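Only one structure is covered here, and it is reproduced in the block below.
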Amino acid sequence: MKATLAVDEHHWWYRGRRRVIRAELDRLGVLPGARVLDAGCGSGRTMEELVDYGEVSGIELNEDAAQLARDRELGEVVVGRLEDLPWDDETFDLITCLDVIEHVPNDVEALVELRRVARPGAWLLVTVPAYQSLWSRHDEANHHYRRYERASLRRAAASAGWEVTRLSSFNSLLLAPAAAVRLAQRRFGVGNGDSNDLAFGPAWLNDVLERPLAMEASWLARGRTLPLGLSLLALLRRPPAA
């Protein structure tokens, strides 16, 4: 459990992604008193960011991770599936779903259920791994069903009734080296291909690897987008009531 908390708190990828997420959320102008859901909250570290936007809840499939999130005492955390959320229709004003729907067999079903609990005009921020062509043993070890292209993410969101208001890549500067490693693993069988992408290196290297994401967050905060990257970010909206 301590290892899980250490990764969530200190690893360059999670720290950098939190910068990107805050850059997007700060632009929304979420009103005080909003209800916020972190769908797939893990150990609850992102919930610490989300309390700045309203009353936060979380749902997590893994019971041990859910208990870590509860221990933070930030809001209610339930154990459950995205496809069967325990809240009433039109409960939330803002939902985050960060690197989660690639783990779900039917992503459209999950997005439909997230739309059900979103109020008219509510926002959903989704992040996913990009490029099915980069599929590797890393994806298999992490129980992914798919990686995404822009078109496939748009299609899934639209099929679930969401409006796609913004779509951008991120983690761009590491795309080329990561692609080279994964393609080499697939072609030549080099590397172990397991989930050690999140292993810690030296502290200085962790800081260096976070800097590109910090620069990208600053860029995205100005309303700009990035054309390429290892990840995709989509800002979706439930259409307001007529």
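Quick note on naming: the chains in the structure tokens go A, B, ... in the order shown, residues restart at 1 in each chain, and ligands are numbered from 1 in order of appearance.
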
**OP:** Could you give me, as a VMD selection string, each residue of segment 42-239 of chain A that DSSP assigns to strand (DSSP E or B) when run on this structure's backbone?
**Re:** chain A and resid 55 to 60 77 to 79 92 to 98 118 to 130 148 163 to 170 231 to 237

**OP:** Give me the residues within 8 Å of Arg17 of chain A as an NGL selection string, counting only C-alpha atoms and dropping any in the same chain fewer than 4 places off.
**Re:** :A and (13 or 21 or 213)

Write the residues you've just listed into a file as a PDB file, in the first residue's frame, and include N, CA and C atoms for each of them.
ATOM      1  N   TRP A  13       4.942  10.811 -13.987  1.00  0.00           N
ATOM      2  CA  TRP A  13       3.762  10.707 -14.855  1.00  0.00           C
ATOM      3  C   TRP A  13       2.506  11.208 -14.149  1.00  0.00           C
ATOM      4  N   ILE A  21      -4.387  18.110 -15.949  1.00  0.00           N
ATOM      5  CA  ILE A  21      -5.804  18.079 -15.565  1.00  0.00           C
ATOM      6  C   ILE A  21      -6.216  19.413 -14.943  1.00  0.00           C
ATOM      7  N   LEU A 213       5.774  17.762 -19.273  1.00  0.00           N
ATOM      8  CA  LEU A 213       4.347  17.810 -18.974  1.00  0.00           C
ATOM      9  C   LEU A 213       3.961  19.131 -18.318  1.00  0.00           C
TER      10      LEU A 213
END

**OP:** List every residue of segment 100-194 of chain A that DSSP, applied to the backbone, labels as alpha helix (DSSP H), and write the result as a PyMOL selection string.
**Re:** chain A and resi 107-116+137-141+150-159+175-188

Subject >> Residue with smallest distance to Ala203 of chain A - pool A:Tyr145, A:Asp89, A:His11, A:Trp219, counting only C-alpha atoms >> reply: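 Looking only at the distances to Ala203 of chain A, the closest residue turns out to be A:His11.
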
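When only C-alpha atoms are used to compute distances to Ala141 of chain A, the closest of the residues A:Thr165, A:Val77, A:Tyr14, A:His103 turns out to be A:His103.
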
**OP:** Identify, on the basis of only C-alpha atoms, every residue whose closest approach to segment 44-60 of chain A does not exceed 6 Å; exclude the query and any residue fewer than 3 positions from it along the same chain; express the result as a PyMOL selection string.
**Re:** chain A and resi 33-41+66+69+75-80
